[in-house]
Protein chains: 2
Amino acid sequence: MTPPLQSEPKLPDDAGHREASVKRSDTGVTVTMRDVAKASGFSPATVSIVLNNAPLARYIAPATKKRIEETARKLGYRPNAMARFLRSKRTHSVGVMLIDITDPYCTPILRGIENSLYQASYAPILADAHNQKNRFERSLEMLLERHVEALIVVANWTFVDIHLLADFNKRNIPVATIGWELPGDTTSSVMVDNEAGGRLAVEHLHKLGHRKIAFIRGPKMLIDSAPRWKGIQKFANSVGFEIDQNLVAQLPDSLDPNSGFEGGFRLTEELLQRRKKFTALMAFDDLTALGAIRALTKAGLKVPEHCSVTGFDDVALSAMSVPSLTTVRQPLETMGNLAVNNILEGINAAQEKRDWAISHQRTSPELVIRESTRAVSLSSADD
Amino acid sequence: MTPPLQSEPKLPDDAGHREASVKRSDTGVTVTMRDVAKASGFSPATVSIVLNNAPLARYIAPATKKRIEETARKLGYRPNAMARFLRSKRTHSVGVMLIDITDPYCTPILRGIENSLYQASYAPILADAHNQKNRFERSLEMLLERHVEALIVVANWTFVDIHLLADFNKRNIPVATIGWELPGDTTSSVMVDNEAGGRLAVEHLHKLGHRKIAFIRGPKMLIDSAPRWKGIQKFANSVGFEIDQNLVAQLPDSLDPNSGFEGGFRLTEELLQRRKKFTALMAFDDLTALGAIRALTKAGLKVPEHCSVTGFDDVALSAMSVPSLTTVRQPLETMGNLAVNNILEGINAAQEKRDWAISHQRTSPELVIRESTRAVSLSSADD
DNA sequence: TCAGGCGCTTAAAACGATTCAATACAGCAT
DNA sequence: ATGCTGTATTGAATCGTTTTAAGCGCCTGA
């Protein structure tokens with residue numbers, strides 16, 4: 001089948017490099033390991049051992065190694081990943097499942113994931129569930145068929161029931177979730193410490209002298225909502241600050257990750273209509289905060305002069321809005337890295353038949369103070 | 001090797017479904033096609049033919065089909081993609097190369113790509129070059145080894161020299177670029193019609209009565225910059241509007257996709273210092289526009305009351321900023337779809353040994369009018 | 001002289017599918 | 001009987017690697 005190659009080709013010395021690049025893959029088709037073997041005069045086995053630097057490579061004569069490597073380079077040999085994977089059972093790929101890529105929160109996480117995977121020479125196979133359960137399932141199916149060595153799920157609500165991931169567990173494929181977690185001990189997770197974050201934001205406002213603070217809580221279905229609120233309450237209790245229930249609103253459940261903007265806008269208008277004065281507003285997340293700012297502006301209130309506003313997440317736009325947004329930063333990229341480290345650990349453990357413990361990591365949020373908050377003004381503090 | 005399975009298992013009737021899910025993959029390991037063959041009492045060949053609905057399936061007895069399909073389901077059989085690919089030479093995967101995922105412009109494109117690929121049952125293998133040439137190369141290498149059937153490159157500047165993609169051409173792997181194009185006819189591309197877009201924006205401002213318009217041109221290295229400017233000039237000529245060179249600034253080249261914000265801010269401050277009055281500012285893209293708005297606001301000028309501002313791209317944040325941004329929308333998601341259609345076409349053509357022509361598509365931009373522009377006010381128009 | 005060891009290399013068997021050519025059989029015309 | 005056609009199924013080769021166990025010289029110490 002393969003066209004006959006010179007059995008003992010003269011290896012060109014350094015001066016020949018130029019034409020080497022010309023002669024590359026002269027057949028026009030794929031050059032296989034067999035070709036390299038034939039061309040170099042050794043067997044496929046030897047070629048494999050040399051090119052992979054397998055344990056046995058210790059015994060291979062340096063001259064042989066050199067010969068093979070040069071031949072491979074000259075022919076432009078590239079290993080066929082499929083064949084390799086079929087034999088070695090290792091695909092060196094990881095499934096990355098985004099519940100909704102439209103969520104601006106995903107992008108930095110994705111970068112973190114990609115970067116760490118790249119360092120470790122794993123390829124990410126991307127899937128976007130569009131918030132649809134059947135897409136989620138079909139994509140998981142696809143990832144299983146491709147024998148990904150691990151799975152990372154980026155989500156922020158309780159979308160998946162456990163049984164969908166059961167197949168992964170059954171096959172001992174490590175799974176890690178970001179921004180969301182599964183009960184039980186089958187799946188590692190990485191989340192920001194929402195409670196600490198909630199506290200951070202309200203503490204900041206409190207320190208600035210705000211006592212009439214409005215809150216827009218997150219939708220019930222988002223796993224982040226409850227702990228953030230809890231952080232707020234705990235802080236309030238600890239300093240004897242009383243939350244006025246008339247100043248509390250809650251975002252409705254929604255599938256659209258960008259609905260927070262609209263929701264923040266609407267709820268803020270509603271809060272304003274209640275005619276209960278507030279000097280600060282703590283929004284569930286950045287988009288909500290931007291919606292709130294828009295409503296306040298529309299009502300003729302200036303941010304931060306008349307009302308301070310805080311967000312949560314620190315998505316890209318927060319720094320660019322006018323005014324720029326004081327917010328609680330989630331270390332999103334880092335969270336991506338952590339998740340990858342986690343599943344890499346899992347893969348290695350499985351490889352070495354070690355046991356390995358599921359972990360639930362909490363990353364520390366960080367308060368980023370920008371222009372949307374300032375000390376309460378005397379005029380608004382009274383009354 | 002494989003544990004003996006019942007050679008002729010009683011296929012459960014419908015009532016037995018519950019336990020079927022319990023018995024699934026009882027061995028705990030992967031169930032192969034051989035297993036299905038043994039369990040159903042047919043040969044692997046038949047199983048393959050049935051499960052893939054291969055041409056030969058016409059001849060298979062309906063009873064046999066049913067039998068095999070049920071057995072497969074019951075055992076939880078999932079084809080091993082690697083094995084399949086090795087034999088059939090088709091990986092059903094496509095490389096998606098982002099020059100920098102951090103660019104907000106990427107996200108909608110990525111969604112478009114993922115979505116179209118999903119519909120066509122292709123899996124995207126993601127790579128992010130981080131704007132680094134060596135990463136770009138290494139990632140291409142990886143994609144080649146994985147035998148992707150096509151490649152999509154999302155970039156907006158002239159990053160890659162052609163020879164990096166030569167290997168793909170050599171192997172007849174279709175390549176399409178988005179937001180950027182290669183000279184010659186080796187690579188398809190999808191771009192927005194920048195010239196039309198530039199015209200759209202300036203025409204809008206002109207119609208609103210603006211005659212003192214400042215421009216922030218894009219960085220030289222971005223392929224978009226020149227045609228947008230050309231569109232502006234052409235429009236200006238056509239209506240006899242003269243561009244004041246004192247009101248023209250240009251963003252410096254930069255690798256950071258988010259540098260437009262900073263750049264827009266700085267250049268606007270600079271423009272303001274020139275003490276040449278302008279009633280509108282047309283920014284190269286949305287981020288630049290947001291930077292400009294920030295600078296204007298800082299200088300005590302209100303947008304749009306004192307100065308209208310337009311952007312370009314319509315990234316997610318444009319609708320949420322205060323004021324929301326009038327901009328020229330690129331149909332980003334559609335562009336992703338188009339690129340996929342294109343390479344799919346290429347794949348099919350190659351499959352059927354047809355010839356197939358490279359295409360360079362231009363999508364139509366769309367003017368999105370929001371709050372950041374308004375008719376020139378009388379007070380500012382004179383003087 | 002021989003067993004054993006060392007240093008280097010390879011034959012051959014997987015891996016799990018696809019696919020071609022071959023077979024087996026029934027029915028039917030010659 | 002023979003050949004033919006069409007239906008239903010399968011054996012065996014193949015894809016390009018990895019990996020195990022073995023092979024082959026040659027040397028060395030007994």
# chains A, B, ... in the order shown; residues from 1 in each chain; ligands from 1

$ interface_residues --of "chain A" --to "chain C" --cutoff "12 Å" --atoms "only C-alpha atoms (C1' of nucleotides)" --output "PyMOL selection string"
chain A and resi 37+41-50+56-65+82-90

$ select_by_dssp --residues "stretch 70-115 of chain A" --states "strand (DSSP E)" --output "list in words"
Ser93, Val94, Gly95, Val96, Met97 and Leu98 of chain A

$ write_last_selection --atoms "C-alpha atoms" --output "short mmCIF file (atom, residue, chain, number, x, y, z; two decimals), in the first residue's frame"
data_model
loop_
_atom_site.label_atom_id
_atom_site.label_comp_id
_atom_site.auth_asym_id
_atom_site.auth_seq_id
_atom_site.Cartn_x
_atom_site.Cartn_y
_atom_site.Cartn_z
CA SER A 93 -9.32 14.98 26.44
CA VAL A 94 -11.70 16.48 28.95
CA GLY A 95 -15.31 17.41 28.51
CA VAL A 96 -16.19 20.99 29.34
CA MET A 97 -19.86 21.45 29.76
CA LEU A 98 -21.27 24.94 30.00
#

$ closest_atom_pairs --of "chain A" --to "chain B" --cutoff "8 Å" --atoms "only C-alpha atoms" --output "CSV"
residue,atom,partner,partner_atom,distance
A:Gly28,CA,B:Lys170,CA,6.8
A:Val29,CA,B:Arg171,CA,6.8
A:Thr30,CA,B:Arg171,CA,7.7
A:Arg78,CA,B:Glu145,CA,6.2
A:Pro79,CA,B:Glu145,CA,6.1
A:Asn80,CA,B:Glu145,CA,5.6
A:Ala81,CA,B:Arg146,CA,5.1
A:Met82,CA,B:Met82,CA,5.2
A:Ala83,CA,B:Leu86,CA,5.9
A:Phe85,CA,B:Met82,CA,6.6
A:Leu86,CA,B:Met82,CA,5.6
A:Ile101,CA,B:Arg111,CA,6.8
A:Thr102,CA,B:Thr107,CA,7.0
A:Thr107,CA,B:Thr102,CA,7.0
A:Pro108,CA,B:Thr102,CA,7.1
A:Arg111,CA,B:Ile101,CA,6.8
A:Glu114,CA,B:Asp128,CA,7.1
A:Asn115,CA,B:Asp128,CA,7.9
A:Ala123,CA,B:Ile125,CA,6.8
A:Pro124,CA,B:Leu126,CA,5.7
A:Ile125,CA,B:Ile125,CA,4.7
A:Leu126,CA,B:Pro124,CA,5.7
A:Ala127,CA,B:Glu114,CA,7.2
A:Asp128,CA,B:Glu114,CA,7.1
A:Leu144,CA,B:Arg78,CA,8.0
A:Glu145,CA,B:Ala81,CA,5.5
A:Arg146,CA,B:Ala81,CA,5.1
A:His147,CA,B:Asn80,CA,7.4
A:Lys170,CA,B:Gly28,CA,6.8
A:Arg171,CA,B:Val29,CA,6.8
A:Phe261,CA,B:Met320,CA,7.2
A:Leu287,CA,B:Met320,CA,7.9
A:Leu290,CA,B:Met320,CA,6.6
A:Gly291,CA,B:Met320,CA,7.1
A:Ile293,CA,B:Val322,CA,7.8
A:Arg294,CA,B:Val322,CA,6.2
A:Leu317,CA,B:Leu317,CA,6.2
A:Met320,CA,B:Leu290,CA,6.5
A:Ser321,CA,B:Ser321,CA,5.6
A:Val322,CA,B:Arg294,CA,6.2
A:Pro323,CA,B:Arg294,CA,8.0

$ write_last_selection --atoms "N, CA and C atoms" --output "short mmCIF file (atom, residue, chain, number, x, y, z; two decimals), in the first residue's frame"
data_model
loop_
_atom_site.label_atom_id
_atom_site.label_comp_id
_atom_site.auth_asym_id
_atom_site.auth_seq_id
_atom_site.Cartn_x
_atom_site.Cartn_y
_atom_site.Cartn_z
N GLY A 28 1.77 13.35 -0.04
CA GLY A 28 0.52 14.08 0.02
C GLY A 28 -0.45 13.47 1.01
N VAL A 29 -0.18 12.25 1.44
CA VAL A 29 -1.08 11.65 2.41
C VAL A 29 -0.40 11.50 3.77
N THR A 30 -1.13 10.95 4.67
CA THR A 30 -0.62 10.84 6.02
C THR A 30 0.59 9.92 6.08
N ARG A 78 3.37 12.67 12.19
CA ARG A 78 2.56 13.10 13.32
C ARG A 78 1.76 11.90 13.79
N PRO A 79 1.90 11.59 15.06
CA PRO A 79 1.18 10.42 15.56
C PRO A 79 -0.32 10.56 15.37
N ASN A 80 -0.97 9.49 15.12
CA ASN A 80 -2.42 9.50 15.00
C ASN A 80 -3.04 9.27 16.36
N ALA A 81 -3.65 10.34 16.84
CA ALA A 81 -4.18 10.30 18.19
C ALA A 81 -5.20 9.18 18.37
N MET A 82 -6.03 8.95 17.38
CA MET A 82 -7.07 7.91 17.52
C MET A 82 -6.45 6.55 17.79
N ALA A 83 -5.50 6.23 16.96
CA ALA A 83 -4.86 4.92 17.10
C ALA A 83 -4.22 4.80 18.48
N PHE A 85 -4.96 6.38 21.16
CA PHE A 85 -5.96 6.31 22.22
C PHE A 85 -6.60 4.93 22.27
N LEU A 86 -6.83 4.40 21.10
CA LEU A 86 -7.49 3.10 21.06
C LEU A 86 -6.66 2.09 21.83
N ILE A 101 -23.33 29.34 27.68
CA ILE A 101 -22.10 30.08 27.39
C ILE A 101 -22.34 31.56 27.33
N THR A 102 -23.60 31.93 27.17
CA THR A 102 -23.98 33.34 27.09
C THR A 102 -23.74 34.10 28.38
N THR A 107 -17.03 33.11 30.70
CA THR A 107 -15.84 33.34 29.90
C THR A 107 -14.54 33.23 30.69
N PRO A 108 -14.41 33.94 31.80
CA PRO A 108 -13.15 33.82 32.53
C PRO A 108 -12.92 32.40 33.05
N ARG A 111 -11.58 30.41 30.29
CA ARG A 111 -10.16 30.67 30.06
C ARG A 111 -9.30 29.90 31.07
N GLU A 114 -9.30 26.21 30.11
CA GLU A 114 -8.52 25.95 28.90
C GLU A 114 -7.04 26.04 29.20
N ASN A 115 -6.69 27.05 29.95
CA ASN A 115 -5.28 27.28 30.22
C ASN A 115 -4.66 26.13 30.99
N ALA A 123 -6.92 18.18 25.88
CA ALA A 123 -7.74 18.99 24.97
C ALA A 123 -9.16 19.09 25.51
N PRO A 124 -9.70 20.30 25.53
CA PRO A 124 -11.08 20.48 25.97
C PRO A 124 -12.06 20.23 24.84
N ILE A 125 -13.03 19.41 25.09
CA ILE A 125 -14.14 19.26 24.16
C ILE A 125 -15.30 20.02 24.73
N LEU A 126 -15.75 21.00 23.97
CA LEU A 126 -16.70 21.96 24.50
C LEU A 126 -18.15 21.55 24.23
N ALA A 127 -18.98 21.78 25.20
CA ALA A 127 -20.41 21.58 24.99
C ALA A 127 -21.17 22.68 25.70
N ASP A 128 -22.21 23.15 25.08
CA ASP A 128 -23.02 24.23 25.63
C ASP A 128 -24.45 23.73 25.69
N LEU A 144 -19.23 10.91 26.56
CA LEU A 144 -18.94 9.53 26.99
C LEU A 144 -18.40 8.72 25.82
N GLU A 145 -19.03 8.87 24.68
CA GLU A 145 -18.58 8.11 23.51
C GLU A 145 -17.15 8.48 23.14
N ARG A 146 -16.83 9.72 23.37
CA ARG A 146 -15.47 10.14 23.05
C ARG A 146 -14.49 9.79 24.15
N HIS A 147 -15.00 9.18 25.16
CA HIS A 147 -14.14 8.72 26.25
C HIS A 147 -13.28 9.83 26.84
N LYS A 170 -19.99 5.70 37.33
CA LYS A 170 -19.89 4.28 37.09
C LYS A 170 -18.57 3.92 36.43
N ARG A 171 -18.18 4.78 35.52
CA ARG A 171 -16.96 4.49 34.78
C ARG A 171 -15.73 5.12 35.41
N PHE A 261 -30.28 41.82 34.40
CA PHE A 261 -30.30 43.25 34.06
C PHE A 261 -31.72 43.78 34.07
N LEU A 287 -24.98 42.23 36.79
CA LEU A 287 -25.99 42.59 35.81
C LEU A 287 -27.19 43.23 36.49
N LEU A 290 -26.33 46.69 37.37
CA LEU A 290 -26.40 47.60 36.22
C LEU A 290 -27.85 47.96 35.90
N GLY A 291 -28.70 46.97 36.02
CA GLY A 291 -30.12 47.24 35.82
C GLY A 291 -30.63 48.24 36.84
N ILE A 293 -28.87 50.48 38.48
CA ILE A 293 -28.32 51.80 38.20
C ILE A 293 -29.13 52.50 37.12
N ARG A 294 -29.50 51.72 36.15
CA ARG A 294 -30.29 52.28 35.06
C ARG A 294 -31.62 52.82 35.58
N LEU A 317 -17.66 43.73 32.27
CA LEU A 317 -18.24 45.06 32.05
C LEU A 317 -18.27 45.93 33.28
N MET A 320 -16.07 48.81 33.28
CA MET A 320 -16.21 49.75 32.17
C MET A 320 -17.49 50.57 32.22
N SER A 321 -18.39 50.17 33.07
CA SER A 321 -19.64 50.92 33.10
C SER A 321 -19.40 52.29 33.72
N VAL A 322 -20.34 53.16 33.51
CA VAL A 322 -20.26 54.49 34.11
C VAL A 322 -21.46 54.66 35.03
N PRO A 323 -21.30 54.79 36.33
CA PRO A 323 -20.01 54.71 37.02
C PRO A 323 -19.53 53.26 37.09
#

$ interface_residues --of "chain D" --to "chain B" --cutoff "9 Å" --atoms "only C-alpha atoms (C1' of nucleotides)" --output "PyMOL selection string"
chain D and resi 7-10+14-16

$ select_by_dssp --residues "stretch 88-222 of chain A" --states "alpha helix (DSSP H)" --output "ChimeraX atom specification"
/A:88,106-119,133-145,163-170,194-207

$ closest_residue --among "A:Gln351, A:Ala54, A:Thr32, A:Glu269" --to "D:DT19" --atoms "only C-alpha atoms (C1' of nucleotides)"
A:Ala54
